[in-house]
Each structure stands twice: as C-alpha cells, then as structure tokens.
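Below: the structure, in structure tokens.
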Amino acid sequence: MALIREENVKINDILKLGISIVLCQLAGFLGSLFTTPAIPTWYQTLDKPFFTPPNWIFSPVWISLFIVMAISLKNHDAAINLAGASIFSKWTEEHKRAIRESRVSTTRNIVEGIPSHPQKPFTLFSTSAVGYYGFCGDEELTEESPHGDDFLARIASEWEGEALKAKEKGARVVITRFGIVMGEKGGALGQMIPLFKKFIGGPIGSGRQWFSWVHIKDLAEAFSFLLKHPEISGPVNVCAPNPVRNKDLAIALGKALHRPSFMPAPGFMIKLVLGEFGSVILEGQRVIPKRLLESGFAFKYPEIDKALQEVVVQ
C-alpha cells in the first residue's frame, strides 16, 4: 500500500470555493474523470484497497498509511471514496470476498480516519451502485426504493451503512449510486466495443432487461453539482434520466460504431460463462435520478444515442 500521487489540478468554476478533496480509489478508469475542470484543487490516489488482512493490522506499513490518510482527511474539505474491486468477471468465492472487503472494509477505515466534529464542514462522497435495488423488472426505482436481497444488493446496503457512520462525526454524507458508467477505456462499454467492432455484438439474453447508465462526463459534473449544493445529502442516483432496455443499447452502440447489432448472446451461455454474475447482466434495474432532477441538475447526455456517439468519437 502506498500513496502514489499528489498533484495540483486546474479548476474553473469551483476554484473560487476553495474546496480541497482527497480521492480514494483503486486503479481504474473512473479516476480519469477527476482530471476534468469539474472536480476541484487536488487529490490523492491509493493504488490498493484501504483494508488489511488480519495479519497486517499491526504492521508498520498499515499503521503508517492509516496515519497519512487520517492527516489527509483532517486537512481537507471532502473525500471521494471510489474504492471497490471490479464486479465484471466470474465470481469465485475469493473474488466475492474481494468485492466485499474492497468496499465495506475500505469505507470503514476511511470513516475511522475522519476527524470527529471538525471545525469546518466535511463531506464524504461514498460510491454505491444501482445494484443496491436488486432486480425489480419494469418498476421505476428512485432513492426511496428499498434495497434488494441478491449478493450485490446486500453488499451495497452494507457498504452504504459504513459510510453513513460518518454522520456520527458531524460529516455530511452523500451516497452516490452509480449507473453503468459509459466511457471507452473501461467498465462495461470497454468490454462491449471490441465485440461490436468484430461484428459479433448484440443483445444479451432476452434483451428486455433494463440498463441504467451514465456518461462519464455527466458523472463528473454531478460531483461538481453536489459539491456546490451542501444541502443535498444521503443517497443520490447518479444515472441518466432515460434508462434503456439492453436490446436498445445494442442497437444504439451498433449505430455509433457503424456495425450490426443482431448477434445475440443466449442467456444460458452467459450464466454458464459468468455464473452468478451472469444474473446481474440478464436482470438489470430501471433507475431514475429523482433527486438530481428535482435539485435542478441538467444532464448533458440524457439519451443513449448521443452519449454513445460521443464516447465512440473519443
């Protein structure tokens, strides 16, 4: 575990606010959004999950890192917690353990490093996901909807519970429930584009399952918006206002890439190859960003066609 980067970031609209941020993440493409003008001043990145196996708890490396993290949190106005191992693979028991520990234990340790009742306001932005809601068919889901009972829903609920403990220290806590992030260099789309370019892309399973998504630039702007609106706390769905069915996603991606989108991936094959994770792809959620919309946030990419065109051009 090591603190690998600290650098100044040039800001336009938020610089005047004088906000400084600590960014906690695993290596991944989401960190790139914080190099845009939407996110303020400077950040620090952790290249490993902020948790330890039991035999590391009292190691000098762990204690030193925890002290550094606690000092960083004390000296800044906000922390953005993006830590979490990727879910995009077959879930062995070992990988499921990594999914949980990289989220729940990391968040617990970040909260422990937040100073109690700081002299100036402190905000914790802690990532969650629309998987919190489980599988609900065609039902429209908002921040008021209950959590589901599948593996990811249980993890998300536990994950959010750890973050909300920061309220006991006087911190403002915002739980950002991400849809699938649309960016070319990572995530689900990064795996789909090569298949479509090889003329073997298409809908998955029935194609009727809902796909809640957000363009990576709208994700960055949502953080900027939330930083400027301290009255907003608690869960916030960060996804486009127009979720699509999987078959419509395939059509839109094929159109953006000038490729056909008729090659379906049978559901039984998905389950055979991906096991339990296959159910996540074959089910999906229809999630609406109710709180962002009611607060006046304007999405630059509310429609899937425009979003995919922009990603493919990039």
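Residue numbering restarts at 1 in every chain; chains get A, B, ... in the order shown in the structure tokens, and ligands count up from 1 in that same order.
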
### Task
DSSP on the backbone, then: every residue of stretch 49-281 of chain A marked strand (DSSP E), written as JSON, numbers by chain.
{"A": [78, 79, 80, 81, 123, 124, 125, 126, 127, 128, 129, 140, 141, 172, 173, 174, 175, 176, 177, 178, 180, 181, 182, 210, 211, 213, 214, 215, 234, 235, 236, 237, 238, 244, 245]}

With C-alpha atoms retained, write the just-selected residues as a short mmCIF file (atom, residue, chain, number, x, y, z; two decimals), in the first residue's frame.
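File written: part12.cif
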```cif
data_model
loop_
_atom_site.label_atom_id
_atom_site.label_comp_id
_atom_site.auth_asym_id
_atom_site.auth_seq_id
_atom_site.Cartn_x
_atom_site.Cartn_y
_atom_site.Cartn_z
CA ALA A 78 -14.11 16.42 1.36
CA ALA A 79 -13.26 12.86 0.48
CA ILE A 80 -14.48 10.94 -2.56
CA ASN A 81 -14.44 7.21 -1.98
CA THR A 123 -18.22 15.93 3.21
CA LEU A 124 -17.81 12.24 2.44
CA PHE A 125 -18.89 11.19 -1.03
CA SER A 126 -19.10 7.41 -0.91
CA THR A 127 -19.77 5.37 -4.01
CA SER A 128 -22.52 2.80 -4.23
CA ALA A 129 -24.36 1.40 -7.25
CA GLU A 140 -39.09 2.57 -11.80
CA LEU A 141 -36.69 2.87 -8.88
CA ARG A 172 -22.17 15.41 5.56
CA VAL A 173 -22.51 12.07 3.76
CA VAL A 174 -23.60 11.72 0.14
CA ILE A 175 -24.12 8.19 -1.19
CA THR A 176 -23.66 8.27 -4.98
CA ARG A 177 -25.40 5.26 -6.52
CA PHE A 178 -23.80 4.93 -9.95
CA ILE A 180 -23.10 1.73 -15.50
CA VAL A 181 -20.52 4.36 -16.43
CA MET A 182 -20.17 4.93 -20.17
CA TRP A 210 -33.20 -2.54 -18.17
CA PHE A 211 -29.81 -0.85 -18.34
CA TRP A 213 -26.25 4.14 -17.29
CA VAL A 214 -24.46 7.48 -17.05
CA HIS A 215 -21.95 9.20 -19.32
CA GLY A 234 -27.96 10.87 1.69
CA PRO A 235 -28.48 8.64 -1.37
CA VAL A 236 -28.33 10.18 -4.85
CA ASN A 237 -28.85 8.12 -8.01
CA VAL A 238 -26.16 9.14 -10.49
CA VAL A 244 -32.82 1.74 -21.85
CA ARG A 245 -33.50 -1.90 -22.47
#
```

### Message
For the helix (DSSP H, G or I) assignment from backbone DSSP, which residues of stretch 50-277 of chain A qualify? Please present them as an MDAnalysis selection string.
### Response
chainID A and resid 54:56 60:74 93:113 130:133 151:169 187:197 216:227 246:257 267:274 276:277

Dump of C-alpha atoms for the selected residues, as a tab-separated table (two decimals), in the first residue's frame:
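Listing of again_32.tsv after writing:
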```
chain	number	residue	atom	x	y	z
A	54	PRO	CA	-5.82	-9.68	9.96
A	55	ASN	CA	-2.11	-10.45	9.95
A	56	TRP	CA	-1.37	-6.95	8.56
A	60	PRO	CA	4.27	-0.65	10.27
A	61	VAL	CA	3.16	-0.21	6.63
A	62	TRP	CA	-0.53	-0.32	7.54
A	63	ILE	CA	-0.19	1.93	10.58
A	64	SER	CA	1.84	4.46	8.60
A	65	LEU	CA	-0.69	4.54	5.76
A	66	PHE	CA	-3.60	4.93	8.14
A	67	ILE	CA	-1.85	7.87	9.84
A	68	VAL	CA	-1.18	9.50	6.45
A	69	MET	CA	-4.81	9.03	5.45
A	70	ALA	CA	-6.11	10.44	8.72
A	71	ILE	CA	-3.88	13.52	8.37
A	72	SER	CA	-5.03	13.99	4.75
A	73	LEU	CA	-8.68	13.84	5.76
A	74	LYS	CA	-8.13	16.27	8.61
A	93	GLU	CA	-15.67	-17.16	-3.53
A	94	GLU	CA	-12.31	-15.38	-3.40
A	95	HIS	CA	-13.47	-12.68	-5.80
A	96	LYS	CA	-16.74	-12.19	-3.92
A	97	ARG	CA	-14.69	-11.70	-0.76
A	98	ALA	CA	-12.56	-9.10	-2.58
A	99	ILE	CA	-15.70	-7.32	-3.84
A	100	ARG	CA	-16.96	-7.03	-0.28
A	101	GLU	CA	-13.71	-6.20	1.52
A	102	SER	CA	-12.59	-3.59	-1.02
A	103	ARG	CA	-15.86	-1.75	-0.43
A	104	VAL	CA	-17.00	-2.36	3.12
A	105	SER	CA	-13.66	-2.56	4.93
A	106	THR	CA	-12.13	0.26	2.91
A	107	THR	CA	-15.06	2.56	3.67
A	108	ARG	CA	-14.97	1.62	7.37
A	109	ASN	CA	-11.31	2.64	7.58
A	110	ILE	CA	-11.87	5.89	5.71
A	111	VAL	CA	-14.66	6.81	8.14
A	112	GLU	CA	-12.40	5.98	11.08
A	113	GLY	CA	-9.88	8.48	9.69
A	130	VAL	CA	-27.82	0.92	-8.70
A	131	GLY	CA	-27.35	-2.75	-7.87
A	132	TYR	CA	-28.48	-1.65	-4.39
A	133	TYR	CA	-32.08	-2.06	-5.59
A	151	PHE	CA	-25.40	-10.55	-3.41
A	152	LEU	CA	-24.67	-7.09	-4.86
A	153	ALA	CA	-27.69	-5.53	-3.17
A	154	ARG	CA	-26.61	-6.86	0.22
A	155	ILE	CA	-23.04	-5.63	-0.35
A	156	ALA	CA	-24.28	-2.18	-1.40
A	157	SER	CA	-26.50	-1.89	1.66
A	158	GLU	CA	-23.64	-2.84	3.98
A	159	TRP	CA	-21.27	-0.55	2.09
A	160	GLU	CA	-23.61	2.42	2.45
A	161	GLY	CA	-24.15	1.64	6.11
A	162	GLU	CA	-20.44	2.01	6.81
A	163	ALA	CA	-20.30	5.36	5.01
A	164	LEU	CA	-23.33	6.73	6.87
A	165	LYS	CA	-21.50	6.24	10.17
A	166	ALA	CA	-19.52	9.37	9.26
A	167	LYS	CA	-22.65	11.36	10.16
A	168	GLU	CA	-21.92	10.49	13.80
A	169	LYS	CA	-18.71	12.52	13.42
A	187	GLY	CA	-16.18	-0.60	-17.45
A	188	ALA	CA	-18.89	-2.47	-19.33
A	189	LEU	CA	-18.62	-0.42	-22.51
A	190	GLY	CA	-14.90	-1.00	-22.74
A	191	GLN	CA	-15.65	-4.72	-22.98
A	192	MET	CA	-18.57	-4.33	-25.40
A	193	ILE	CA	-16.96	-2.11	-28.03
A	194	PRO	CA	-14.33	-4.66	-29.18
A	195	LEU	CA	-17.08	-7.27	-29.74
A	196	PHE	CA	-19.13	-4.89	-31.87
A	197	LYS	CA	-16.07	-3.88	-33.87
A	216	ILE	CA	-18.62	9.65	-17.55
A	217	LYS	CA	-18.72	13.43	-18.15
A	218	ASP	CA	-22.16	13.71	-16.55
A	219	LEU	CA	-20.79	11.72	-13.63
A	220	ALA	CA	-18.03	14.27	-13.17
A	221	GLU	CA	-20.47	17.16	-13.46
A	222	ALA	CA	-22.76	15.51	-10.91
A	223	PHE	CA	-19.94	15.59	-8.36
A	224	SER	CA	-19.33	19.25	-9.20
A	225	PHE	CA	-23.04	19.96	-8.71
A	226	LEU	CA	-23.17	18.12	-5.39
A	227	LEU	CA	-20.10	19.96	-4.12
A	246	ASN	CA	-30.47	-3.99	-23.34
A	247	LYS	CA	-31.64	-4.54	-26.93
A	248	ASP	CA	-31.90	-0.76	-27.44
A	249	LEU	CA	-28.43	-0.30	-26.01
A	250	ALA	CA	-27.12	-2.83	-28.54
A	251	ILE	CA	-28.87	-1.03	-31.41
A	252	ALA	CA	-27.50	2.35	-30.31
A	253	LEU	CA	-23.95	1.03	-29.92
A	254	GLY	CA	-24.08	-0.70	-33.30
A	255	LYS	CA	-25.28	2.54	-34.89
A	256	ALA	CA	-22.50	4.55	-33.23
A	257	LEU	CA	-19.86	2.08	-34.43
A	267	GLY	CA	-28.85	-16.25	-21.52
A	268	PHE	CA	-27.83	-19.82	-20.73
A	269	MET	CA	-24.38	-19.16	-22.19
A	270	ILE	CA	-23.99	-16.02	-20.08
A	271	LYS	CA	-24.83	-17.98	-16.94
A	272	LEU	CA	-22.52	-20.82	-17.97
A	273	VAL	CA	-19.57	-18.50	-18.55
A	274	LEU	CA	-20.16	-15.93	-15.79
A	276	GLU	CA	-23.74	-15.79	-10.51
A	277	PHE	CA	-22.58	-12.54	-12.12
```

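Checking A:Ala240, A:Ile304, A:Ala171, A:Ile200 one by one against A:Pro289, counting only C-alpha atoms, you find the shortest gap at A:Ala240.
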
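Nearest-residue note for A:Pro121: choosing from A:Asp77, A:Cys24, A:Asp305, A:Glu231, the minimum distance belongs to A:Asp77, counting only C-alpha atoms.
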
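Interatomic distance, atom CA of A:Pro115 to atom CA of A:Ile21: 14.7 Å.
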
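Each of A:Gly284, A:Gly183, A:Gly84, A:Gly275 was compared to A:Gly148 using only C-alpha atoms, and A:Gly284 turns out to be the nearest.
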
### Query
Just how far from atom CA of A:Ser279 is atom CA of A:Gly205, in Å to one decimal?
10.2 Å

### Best match for closeness to A:Gln119 among A:Asn75, A:Ser206, A:Gln285, A:Ser261, counting only C-alpha atoms
A:Asn75

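Between atom CA of A:Val287 and atom CA of A:Pro203 lies a distance of 19.7 Å.
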
### Query
Which is closer to A:Glu303 than all the others in A:Pro243, A:Asp138, A:Val22, A:Asp150, using only C-alpha atoms?
A:Pro243
